[in-house]
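Source file: target30.txt; contents: compact mmCIF, C-alpha atoms (C1' of nucleotides).
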```
# COMPACT_ATOMS: atom_id res chain seq x y z
CA MET A 1 -93.31 122.82 -122.24
CA ARG A 2 -95.78 123.64 -119.47
CA TYR A 3 -99.49 124.08 -120.15
CA SER A 4 -102.38 125.61 -118.20
CA ILE A 5 -105.70 123.82 -117.93
CA GLN A 6 -107.19 126.04 -120.68
CA GLU A 7 -104.31 125.28 -123.02
CA VAL A 8 -104.83 121.55 -122.45
CA ALA A 9 -108.56 121.99 -122.98
CA ALA A 10 -107.86 123.68 -126.34
CA LYS A 11 -105.34 121.01 -127.34
CA THR A 12 -107.53 118.02 -126.43
CA GLY A 13 -111.06 119.25 -127.08
CA LEU A 14 -112.05 118.37 -123.52
CA SER A 15 -113.52 121.20 -121.44
CA SER A 16 -111.66 122.50 -118.39
CA TYR A 17 -114.63 121.21 -116.36
CA THR A 18 -114.08 117.74 -117.72
CA LEU A 19 -110.34 117.89 -117.00
CA ARG A 20 -111.03 118.86 -113.37
CA TYR A 21 -113.67 116.14 -113.20
CA TYR A 22 -111.12 113.61 -114.44
CA ASP A 23 -108.60 114.86 -111.88
CA LYS A 24 -111.21 114.52 -109.09
CA ALA A 25 -111.91 110.99 -110.31
CA GLY A 26 -108.23 110.09 -109.88
CA LEU A 27 -107.34 110.01 -113.58
CA LEU A 28 -104.67 112.72 -113.40
CA PRO A 29 -102.55 112.02 -110.28
CA PHE A 30 -99.41 112.80 -112.31
CA VAL A 31 -100.31 116.46 -112.99
CA ALA A 32 -98.14 118.92 -111.00
CA ARG A 33 -99.30 122.09 -109.24
CA ASN A 34 -97.61 125.46 -108.77
CA THR A 35 -97.42 127.19 -105.37
CA ALA A 36 -100.89 128.68 -105.91
CA GLY A 37 -102.40 125.26 -106.58
CA TYR A 38 -102.75 125.82 -110.35
CA ARG A 39 -102.37 122.66 -112.44
CA ILE A 40 -99.24 122.47 -114.63
CA PHE A 41 -99.44 119.97 -117.50
CA THR A 42 -96.30 118.81 -119.36
CA ASP A 43 -95.91 117.07 -122.73
CA GLY A 44 -95.49 113.77 -120.89
CA ASP A 45 -98.82 114.39 -119.17
CA LEU A 46 -100.43 114.98 -122.58
CA VAL A 47 -99.19 111.57 -123.74
CA LEU A 48 -100.88 109.92 -120.76
CA LEU A 49 -103.99 112.05 -121.28
CA HIS A 50 -104.05 110.83 -124.87
CA THR A 51 -104.08 107.25 -123.60
CA ILE A 52 -106.92 108.14 -121.23
CA MET A 53 -108.91 109.62 -124.12
CA CYS A 54 -108.17 106.59 -126.25
CA LEU A 55 -109.64 104.32 -123.57
CA LYS A 56 -112.59 106.65 -123.00
CA ASN A 57 -113.31 106.90 -126.74
CA THR A 58 -113.50 103.14 -126.95
CA GLY A 59 -116.12 103.12 -124.20
CA MET A 60 -114.09 102.26 -121.12
CA ALA A 61 -115.73 103.44 -117.87
CA ILE A 62 -113.96 106.13 -115.83
CA SER A 63 -113.54 103.66 -112.96
CA ASP A 64 -111.66 101.23 -115.21
CA ILE A 65 -109.51 103.99 -116.66
CA ARG A 66 -108.67 104.90 -113.10
CA ARG A 67 -107.55 101.35 -112.46
CA TYR A 68 -105.31 101.55 -115.52
CA ILE A 69 -103.81 104.85 -114.38
CA ASP A 70 -103.23 103.42 -110.91
CA ASP A 71 -101.35 100.62 -112.67
CA VAL A 72 -99.25 103.09 -114.64
CA MET A 73 -98.37 104.98 -111.46
CA ALA A 74 -97.41 101.72 -109.77
CA GLY A 75 -94.73 100.95 -112.37
CA PRO A 76 -93.63 97.63 -113.91
CA THR A 77 -95.10 95.45 -111.11
CA SER A 78 -98.59 96.12 -112.49
CA ILE A 79 -97.93 94.83 -116.01
CA ALA A 80 -100.04 91.69 -115.48
CA ASP A 81 -103.04 93.75 -114.37
CA ARG A 82 -102.64 96.19 -117.26
CA LYS A 83 -102.58 93.26 -119.67
CA ALA A 84 -105.73 91.73 -118.14
CA LEU A 85 -107.53 95.09 -118.24
CA LEU A 86 -106.63 95.86 -121.84
CA THR A 87 -107.23 92.31 -123.09
CA ALA A 88 -110.77 92.33 -121.68
CA HIS A 89 -111.33 95.80 -123.06
CA ARG A 90 -110.01 94.83 -126.49
CA ALA A 91 -112.51 91.98 -126.73
CA LYS A 92 -115.39 94.32 -125.90
CA VAL A 93 -114.26 96.91 -128.45
CA LEU A 94 -113.90 94.24 -131.13
CA ALA A 95 -117.43 92.99 -130.46
CA LYS A 96 -118.80 96.52 -130.57
CA GLN A 97 -116.96 97.16 -133.83
CA GLN A 98 -118.53 94.10 -135.45
CA GLN A 99 -122.02 95.03 -134.27
CA LEU A 100 -121.49 98.55 -135.57
CA THR A 101 -120.55 97.15 -138.98
CA GLU A 102 -123.63 94.94 -139.10
CA ASN A 103 -125.94 97.76 -138.04
CA LEU A 104 -124.36 100.11 -140.55
CA ARG A 105 -125.17 97.62 -143.29
CA GLU A 106 -128.84 97.84 -142.30
CA VAL A 107 -128.76 101.63 -142.32
CA ASP A 108 -127.17 101.48 -145.77
CA TYR A 109 -129.90 99.13 -146.93
CA LYS A 110 -132.58 101.59 -145.81
CA LEU A 111 -130.72 104.48 -147.41
CA GLY A 112 -130.51 102.54 -150.68
CA LEU A 113 -134.24 102.03 -150.52
CA TYR A 114 -134.94 105.72 -149.93
CA ALA A 115 -132.55 106.75 -152.70
CA ALA A 116 -134.02 104.37 -155.28
CA PRO A 117 -136.07 105.84 -158.15
CA ASP A 118 -139.08 103.82 -157.02
CA ALA A 119 -138.62 104.72 -153.33
CA VAL A 120 -142.25 105.83 -152.98
CA THR A 121 -143.51 102.51 -154.34
CA GLN A 122 -141.23 100.50 -152.08
CA VAL A 123 -142.17 102.46 -148.97
CA GLN A 124 -145.84 102.08 -149.90
CA GLY A 125 -145.18 98.34 -150.13
CA GLU A 126 -143.68 98.30 -146.62
CA LEU A 127 -146.67 100.21 -145.29
CA ALA A 128 -149.10 97.81 -147.00
CA ALA A 129 -147.26 94.85 -145.44
CA ALA A 130 -147.43 96.44 -141.99
CA ARG A 131 -151.15 97.04 -142.44
CA ALA A 132 -151.72 93.47 -143.63
CA ASP A 133 -149.86 92.16 -140.55
CA LYS A 134 -152.16 94.14 -138.27
CA ALA A 135 -155.25 92.96 -140.15
CA ALA A 136 -154.09 89.32 -140.06
CA ASN A 137 -153.97 89.61 -136.29
CA GLY A 138 -157.37 91.24 -136.02
CA LEU A 139 -155.89 94.55 -134.88
CA ALA A 140 -156.72 98.12 -135.78
CA ASP A 141 -154.61 99.96 -138.37
CA PRO A 142 -152.35 102.39 -136.48
CA TYR A 143 -151.14 104.08 -139.66
CA PRO A 144 -152.85 107.32 -140.72
CA ALA A 145 -154.98 107.25 -143.85
CA SER A 146 -152.87 106.90 -146.98
CA MET B 147 -148.42 85.93 -134.14
CA ARG B 148 -149.23 88.15 -131.17
CA TYR B 149 -146.74 88.73 -128.36
CA SER B 150 -146.99 90.10 -124.81
CA ILE B 151 -144.49 92.63 -123.52
CA GLN B 152 -142.60 89.88 -121.65
CA GLU B 153 -142.34 87.77 -124.79
CA VAL B 154 -140.94 90.72 -126.70
CA ALA B 155 -138.53 91.41 -123.85
CA ALA B 156 -137.30 87.80 -124.04
CA LYS B 157 -137.00 87.95 -127.85
CA THR B 158 -135.13 91.27 -127.98
CA GLY B 159 -133.07 91.30 -124.80
CA LEU B 160 -134.64 94.62 -123.80
CA SER B 161 -136.36 94.72 -120.41
CA SER B 162 -140.11 95.28 -120.17
CA TYR B 163 -139.24 98.54 -118.38
CA THR B 164 -137.23 99.67 -121.37
CA LEU B 165 -140.01 98.72 -123.78
CA ARG B 166 -142.52 100.78 -121.79
CA TYR B 167 -139.99 103.61 -121.61
CA TYR B 168 -139.63 103.50 -125.41
CA ASP B 169 -143.41 103.52 -125.78
CA LYS B 170 -143.68 106.52 -123.44
CA ALA B 171 -141.01 108.24 -125.54
CA GLY B 172 -143.13 107.79 -128.65
CA LEU B 173 -141.03 105.04 -130.25
CA LEU B 174 -143.83 102.45 -130.37
CA PRO B 175 -146.98 104.25 -131.61
CA PHE B 176 -147.75 101.25 -133.85
CA VAL B 177 -148.19 98.76 -130.98
CA ALA B 178 -151.84 97.75 -130.47
CA ARG B 179 -153.68 97.33 -127.14
CA ASN B 180 -156.36 94.86 -126.08
CA THR B 181 -159.53 95.97 -124.27
CA ALA B 182 -157.70 95.88 -120.93
CA GLY B 183 -154.96 98.17 -122.22
CA TYR B 184 -152.34 95.39 -122.53
CA ARG B 185 -149.83 95.90 -125.36
CA ILE B 186 -150.09 93.41 -128.25
CA PHE B 187 -146.97 93.15 -130.43
CA THR B 188 -147.06 91.53 -133.88
CA ASP B 189 -144.25 90.25 -136.09
CA GLY B 190 -144.43 93.44 -138.11
CA ASP B 191 -143.92 95.40 -134.90
CA LEU B 192 -140.83 93.31 -134.17
CA VAL B 193 -139.36 94.28 -137.54
CA LEU B 194 -139.80 97.97 -136.69
CA LEU B 195 -138.43 97.35 -133.19
CA HIS B 196 -135.41 95.74 -134.79
CA THR B 197 -134.83 98.92 -136.79
CA ILE B 198 -135.17 100.96 -133.59
CA MET B 199 -132.56 98.78 -131.87
CA CYS B 200 -130.29 99.05 -134.89
CA LEU B 201 -130.40 102.84 -134.67
CA LYS B 202 -129.98 102.77 -130.90
CA ASN B 203 -127.02 100.38 -131.11
CA THR B 204 -125.28 102.76 -133.47
CA GLY B 205 -125.64 105.53 -130.94
CA MET B 206 -128.67 107.43 -132.20
CA ALA B 207 -130.43 109.44 -129.48
CA ILE B 208 -133.99 108.43 -128.52
CA SER B 209 -135.27 111.81 -129.74
CA ASP B 210 -133.83 111.20 -133.23
CA ILE B 211 -135.19 107.65 -133.33
CA ARG B 212 -138.54 109.17 -132.49
CA ARG B 213 -138.25 111.49 -135.45
CA TYR B 214 -137.51 108.49 -137.68
CA ILE B 215 -140.52 106.58 -136.33
CA ASP B 216 -142.73 109.63 -136.84
CA ASP B 217 -141.50 109.58 -140.44
CA VAL B 218 -142.34 105.90 -140.81
CA MET B 219 -145.84 106.50 -139.46
CA ALA B 220 -146.31 109.41 -141.86
CA GLY B 221 -145.76 107.16 -144.91
CA PRO B 222 -144.03 107.89 -148.23
CA THR B 223 -144.24 111.69 -147.92
CA SER B 224 -141.48 111.60 -145.30
CA ILE B 225 -138.90 109.83 -147.47
CA ALA B 226 -136.77 112.99 -147.85
CA ASP B 227 -136.59 113.49 -144.08
CA ARG B 228 -135.77 109.82 -143.49
CA LYS B 229 -132.96 110.09 -146.02
CA ALA B 230 -131.57 113.24 -144.38
CA LEU B 231 -131.76 111.66 -140.93
CA LEU B 232 -130.07 108.40 -141.94
CA THR B 233 -127.45 110.09 -144.12
CA ALA B 234 -126.35 112.30 -141.22
CA HIS B 235 -126.40 109.34 -138.89
CA ARG B 236 -124.43 107.19 -141.30
CA ALA B 237 -121.66 109.80 -141.43
CA LYS B 238 -121.44 109.89 -137.64
CA VAL B 239 -121.33 106.10 -137.38
CA LEU B 240 -118.63 105.90 -140.04
CA ALA B 241 -116.53 108.48 -138.18
CA LYS B 242 -117.00 106.62 -134.92
CA GLN B 243 -116.04 103.38 -136.61
CA GLN B 244 -112.81 104.87 -137.92
CA GLN B 245 -111.92 106.38 -134.56
CA LEU B 246 -112.64 103.05 -132.92
CA THR B 247 -110.25 101.34 -135.33
CA GLU B 248 -107.50 103.89 -134.65
CA ASN B 249 -107.96 103.65 -130.90
CA LEU B 250 -107.98 99.88 -131.07
CA ARG B 251 -104.60 100.02 -132.81
CA GLU B 252 -103.24 101.95 -129.85
CA VAL B 253 -104.65 99.47 -127.38
CA ASP B 254 -103.06 96.68 -129.42
CA TYR B 255 -99.74 98.53 -129.36
CA LYS B 256 -99.88 98.73 -125.56
CA LEU B 257 -100.86 95.08 -125.32
CA GLY B 258 -97.94 94.11 -127.53
CA LEU B 259 -95.65 96.05 -125.25
CA TYR B 260 -97.00 94.33 -122.13
CA ALA B 261 -96.80 90.90 -123.78
CA ALA B 262 -93.20 91.35 -124.95
CA PRO B 263 -90.45 89.34 -123.24
CA ASP B 264 -88.74 92.59 -122.20
CA ALA B 265 -91.99 94.22 -121.04
CA VAL B 266 -90.49 95.18 -117.68
CA THR B 267 -87.56 96.94 -119.33
CA GLN B 268 -89.85 98.80 -121.75
CA VAL B 269 -92.23 99.93 -119.02
CA GLN B 270 -89.24 101.05 -116.95
CA GLY B 271 -88.14 103.07 -119.98
CA GLU B 272 -91.55 104.77 -120.19
CA LEU B 273 -91.41 105.58 -116.50
CA ALA B 274 -87.87 107.00 -116.84
CA ALA B 275 -89.02 109.21 -119.73
CA ALA B 276 -92.00 110.49 -117.72
CA ARG B 277 -89.67 111.29 -114.83
CA ALA B 278 -87.20 113.06 -117.13
CA ASP B 279 -90.06 115.16 -118.55
CA LYS B 280 -91.05 116.28 -115.07
CA ALA B 281 -87.42 117.06 -114.14
CA ALA B 282 -86.87 119.00 -117.40
CA ASN B 283 -89.79 121.23 -116.39
CA GLY B 284 -88.54 121.70 -112.84
CA LEU B 285 -91.43 119.73 -111.39
CA ALA B 286 -91.56 117.16 -108.60
CA ASP B 287 -91.62 113.44 -109.46
CA PRO B 288 -95.19 112.19 -108.97
CA TYR B 289 -94.23 108.54 -109.42
CA PRO B 290 -93.61 106.44 -106.29
CA ALA B 291 -90.06 105.29 -105.56
CA SER B 292 -88.90 102.65 -108.04
C1' DT C 293 -103.38 150.04 -106.69
C1' DC C 294 -106.89 148.23 -109.03
C1' DT C 295 -109.26 145.86 -112.52
C1' DT C 296 -109.57 142.00 -115.51
C1' DG C 297 -109.05 137.50 -116.20
C1' DC C 298 -107.17 133.62 -114.95
C1' DC C 299 -107.10 129.74 -111.45
C1' DT C 300 -108.91 126.95 -107.24
C1' DT C 301 -112.52 124.12 -104.53
C1' DA C 302 -116.93 122.11 -103.00
C1' DG C 303 -120.90 120.96 -104.25
C1' DA C 304 -125.25 121.57 -106.81
C1' DG C 305 -127.57 120.82 -111.25
C1' DT C 306 -128.29 118.58 -115.79
C1' DT C 307 -129.02 115.10 -119.22
C1' DC C 308 -129.60 110.65 -120.76
C1' DA C 309 -131.33 106.27 -120.61
C1' DC C 310 -132.98 103.56 -118.08
C1' DT C 311 -134.91 101.02 -113.68
C1' DC C 312 -137.93 100.49 -110.26
C1' DT C 313 -142.02 101.21 -106.97
C1' DA C 314 -146.74 101.75 -105.77
C1' DA C 315 -151.32 101.17 -106.54
C1' DG C 316 -154.42 98.97 -108.94
C1' DG C 317 -156.83 96.21 -112.85
C1' DT C 318 -156.94 91.48 -115.60
C1' DT C 319 -156.34 86.61 -116.53
C1' DT C 320 -155.66 81.91 -115.45
C1' DA C 321 -155.50 77.86 -112.74
C1' DT C 322 -157.32 75.39 -108.99
C1' DA D 323 -163.91 82.20 -105.41
C1' DT D 324 -159.57 83.20 -104.77
C1' DA D 325 -154.70 83.21 -105.31
C1' DA D 326 -150.89 83.83 -108.30
C1' DA D 327 -149.15 85.83 -112.04
C1' DC D 328 -149.73 88.79 -115.35
C1' DC D 329 -150.59 93.63 -117.09
C1' DT D 330 -151.33 98.99 -116.60
C1' DT D 331 -149.92 103.93 -115.16
C1' DA D 332 -147.57 107.84 -112.94
C1' DG D 333 -143.87 109.12 -111.11
C1' DA D 334 -139.70 108.52 -108.21
C1' DG D 335 -134.92 106.84 -108.12
C1' DT D 336 -130.37 105.56 -110.18
C1' DG D 337 -125.79 105.94 -112.23
C1' DA D 338 -122.72 107.79 -115.41
C1' DA D 339 -120.50 111.62 -117.14
C1' DC D 340 -120.36 115.70 -117.28
C1' DT D 341 -121.50 120.96 -116.56
C1' DC D 342 -121.96 124.76 -114.01
C1' DT D 343 -122.16 128.03 -109.87
C1' DA D 344 -120.43 130.33 -105.92
C1' DA D 345 -116.93 132.04 -103.31
C1' DG D 346 -112.60 133.18 -103.25
C1' DG D 347 -107.27 133.31 -104.34
C1' DC D 348 -103.55 134.73 -107.76
C1' DA D 349 -101.27 137.35 -111.74
C1' DA D 350 -100.47 140.73 -115.26
C1' DG D 351 -101.29 145.19 -117.32
C1' DA D 352 -102.77 150.45 -116.95
```

I'd like the structure from this file rewritten - as structure tokens, please.
Amino acid sequence: MRYSIQEVAAKTGLSSYTLRYYDKAGLLPFVARNTAGYRIFTDGDLVLLHTIMCLKNTGMAISDIRRYIDDVMAGPTSIADRKALLTAHRAKVLAKQQQLTENLREVDYKLGLYAAPDAVTQVQGELAAARADKAANGLADPYPAS
Amino acid sequence: MRYSIQEVAAKTGLSSYTLRYYDKAGLLPFVARNTAGYRIFTDGDLVLLHTIMCLKNTGMAISDIRRYIDDVMAGPTSIADRKALLTAHRAKVLAKQQQLTENLREVDYKLGLYAAPDAVTQVQGELAAARADKAANGLADPYPAS
DNA sequence: TCTTGCCTTAGAGTTCACTCTAAGGTTTAT
DNA sequence: ATAAACCTTAGAGTGAACTCTAAGGCAAGA
């Protein structure tokens, strides 16, 4: 199957602007053109675009994705570089994932506090502690009158 | 304890520029000043700053963090809004976490392929498939000569 | 044929979150 | 007293990733 830029936009959720931006950035050197210069995407292109989105969604910079695509275009000789690129990226994603989990636990803690039957009392306790901390340091109370 | 902006920068890993930027954005209304206008952070402030960083690290926009801080300053009456804010945020973080896990699986799949003993053969297979897809659609081969 | 709706490009504009500069005031050590 | 090392502000600059505009070419239906 052949797809126009709008069809690919609909399929992927990316805007046509973003697709052209990616092409300009060197991420889509494999996309063909018709005689008028219109882009023609194939199913194979969508597979590669999926990989690009997978890397982007995990926080890889456009410039690094470009390096990966350059590797793909270069064929099997670039396997070592692809491995280095993805190994480094994997480590970063793993670290981010762990931090996300930790931070989510804190958000859950706060939510538990706000959902508790004595939420008002607990929040008042927090506020009192914050005020006491300011007072202990001889500083004005920044919190509005209770 | 009282801390200068540089001490807080060292403790948190944020730059003093970023701390001032956050203050300008309304994220640090609780930080006191001395007679010269210098910011004085306390341990209680660091706890709140930790919460701010937790929200930021999970991808919350500065404007939403500001809304949360406004809620904290307002005291117990804002508990409902805090709950709404964090519940919506929690859902987004959870979705991001799941997508990250899925995408990481794909990266791992690629890495496994590149680490395999027959990596060259497999990558050549991918390349052949991409070429066949182009040919099946009557399009030129964008991949350099093998 | 002509209109409507695609597509193209170059390049300008936007948003976000910083990051830094300039000009000047404060504090500390000698 | 004065230099060095802090701090302040307003506002300009940066970089990333879009997002859009303008001007124009192409394609399909009435």

Enumerate as a PDB file with C-alpha atoms, keeping the file's coordinate frame the residues belonging to chain A that approach chain D to within 7 Å, with all atoms listed in the file taken into account.
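What ended up in result_0.pdb:
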```pdb
ATOM      1  CA  TYR A  17    -114.630 121.210-116.360  1.00  0.00           C
ATOM      2  CA  THR A  18    -114.080 117.740-117.720  1.00  0.00           C
ATOM      3  CA  ALA A  36    -100.890 128.680-105.910  1.00  0.00           C
TER       4      ALA A  36
END
```

Based on all atoms listed in the file, which of the residues in chain C come within 12 Å of chain A? I want them as a short mmCIF file (atom, residue, chain, number, x, y, z; two decimals) with C-alpha atoms (C1' of nucleotides), keeping the file's coordinate frame.
```
data_model
loop_
_atom_site.label_atom_id
_atom_site.label_comp_id
_atom_site.auth_asym_id
_atom_site.auth_seq_id
_atom_site.Cartn_x
_atom_site.Cartn_y
_atom_site.Cartn_z
"C1'" DC C 298 -107.17 133.62 -114.95
"C1'" DC C 299 -107.10 129.74 -111.45
"C1'" DT C 300 -108.91 126.95 -107.24
"C1'" DT C 301 -112.52 124.12 -104.53
"C1'" DA C 302 -116.93 122.11 -103.00
#
```

Per-residue nearest contacts of chain B to chain A (6 Å; all atoms listed in the file) as CSV:
```
residue,atom,partner,partner_atom,distance
B:Phe176,CA,A:Pro142,CA,5.4
B:Gly190,CA,A:Ala130,CA,5.7
B:Cys200,CA,A:Asn103,CA,5.5
B:Met219,CA,A:Tyr143,CA,5.8
B:Pro222,CA,A:Val120,CA,5.5
B:Asn249,CA,A:Cys54,CA,5.5
B:Val266,CA,A:Pro76,CA,5.5
B:Val269,CA,A:Pro76,CA,5.8
B:Ala276,CA,A:Gly44,CA,5.7
B:Pro288,CA,A:Phe30,CA,5.4
B:Tyr289,CA,A:Met73,CA,5.8
```

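Relative to atom CA of Gly159 of chain B, atom C1' of DA314 of chain C is found at 25.7 Å.
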
Leaving out Ile208 of chain B and any residue of its chain fewer than 2 positions from it, which residues lie within 10 Å of it when counting only C-alpha atoms (C1' of nucleotides), given as a tab-separated table (two decimals) with C-alpha atoms (C1' of nucleotides), in the frame of the given file?
```tsv
chain	number	residue	atom	x	y	z
B	168	TYR	CA	-139.63	103.50	-125.41
B	171	ALA	CA	-141.01	108.24	-125.54
B	172	GLY	CA	-143.13	107.79	-128.65
B	173	LEU	CA	-141.03	105.04	-130.25
B	198	ILE	CA	-135.17	100.96	-133.59
B	201	LEU	CA	-130.40	102.84	-134.67
B	202	LYS	CA	-129.98	102.77	-130.90
B	205	GLY	CA	-125.64	105.53	-130.94
B	206	MET	CA	-128.67	107.43	-132.20
B	210	ASP	CA	-133.83	111.20	-133.23
B	211	ILE	CA	-135.19	107.65	-133.33
B	212	ARG	CA	-138.54	109.17	-132.49
B	213	ARG	CA	-138.25	111.49	-135.45
B	214	TYR	CA	-137.51	108.49	-137.68
C	308	DC	C1'	-129.60	110.65	-120.76
C	309	DA	C1'	-131.33	106.27	-120.61
```

To box segment 341-352 of chain D, take all atoms listed in the file, fit an axis-aligned box, add 8 Å on each side, and give centre and edge lengths in Å to one decimal, as AutoDock Vina command-line options.
```
--center_x -111.3 --center_y 135.7 --center_z -110.3 --size_x 37.7 --size_y 45.5 --size_z 30.1
```

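Taking atom CA of Ser162 of chain B and atom C1' of DC312 of chain C as endpoints, the distance between them is 11.4 Å.
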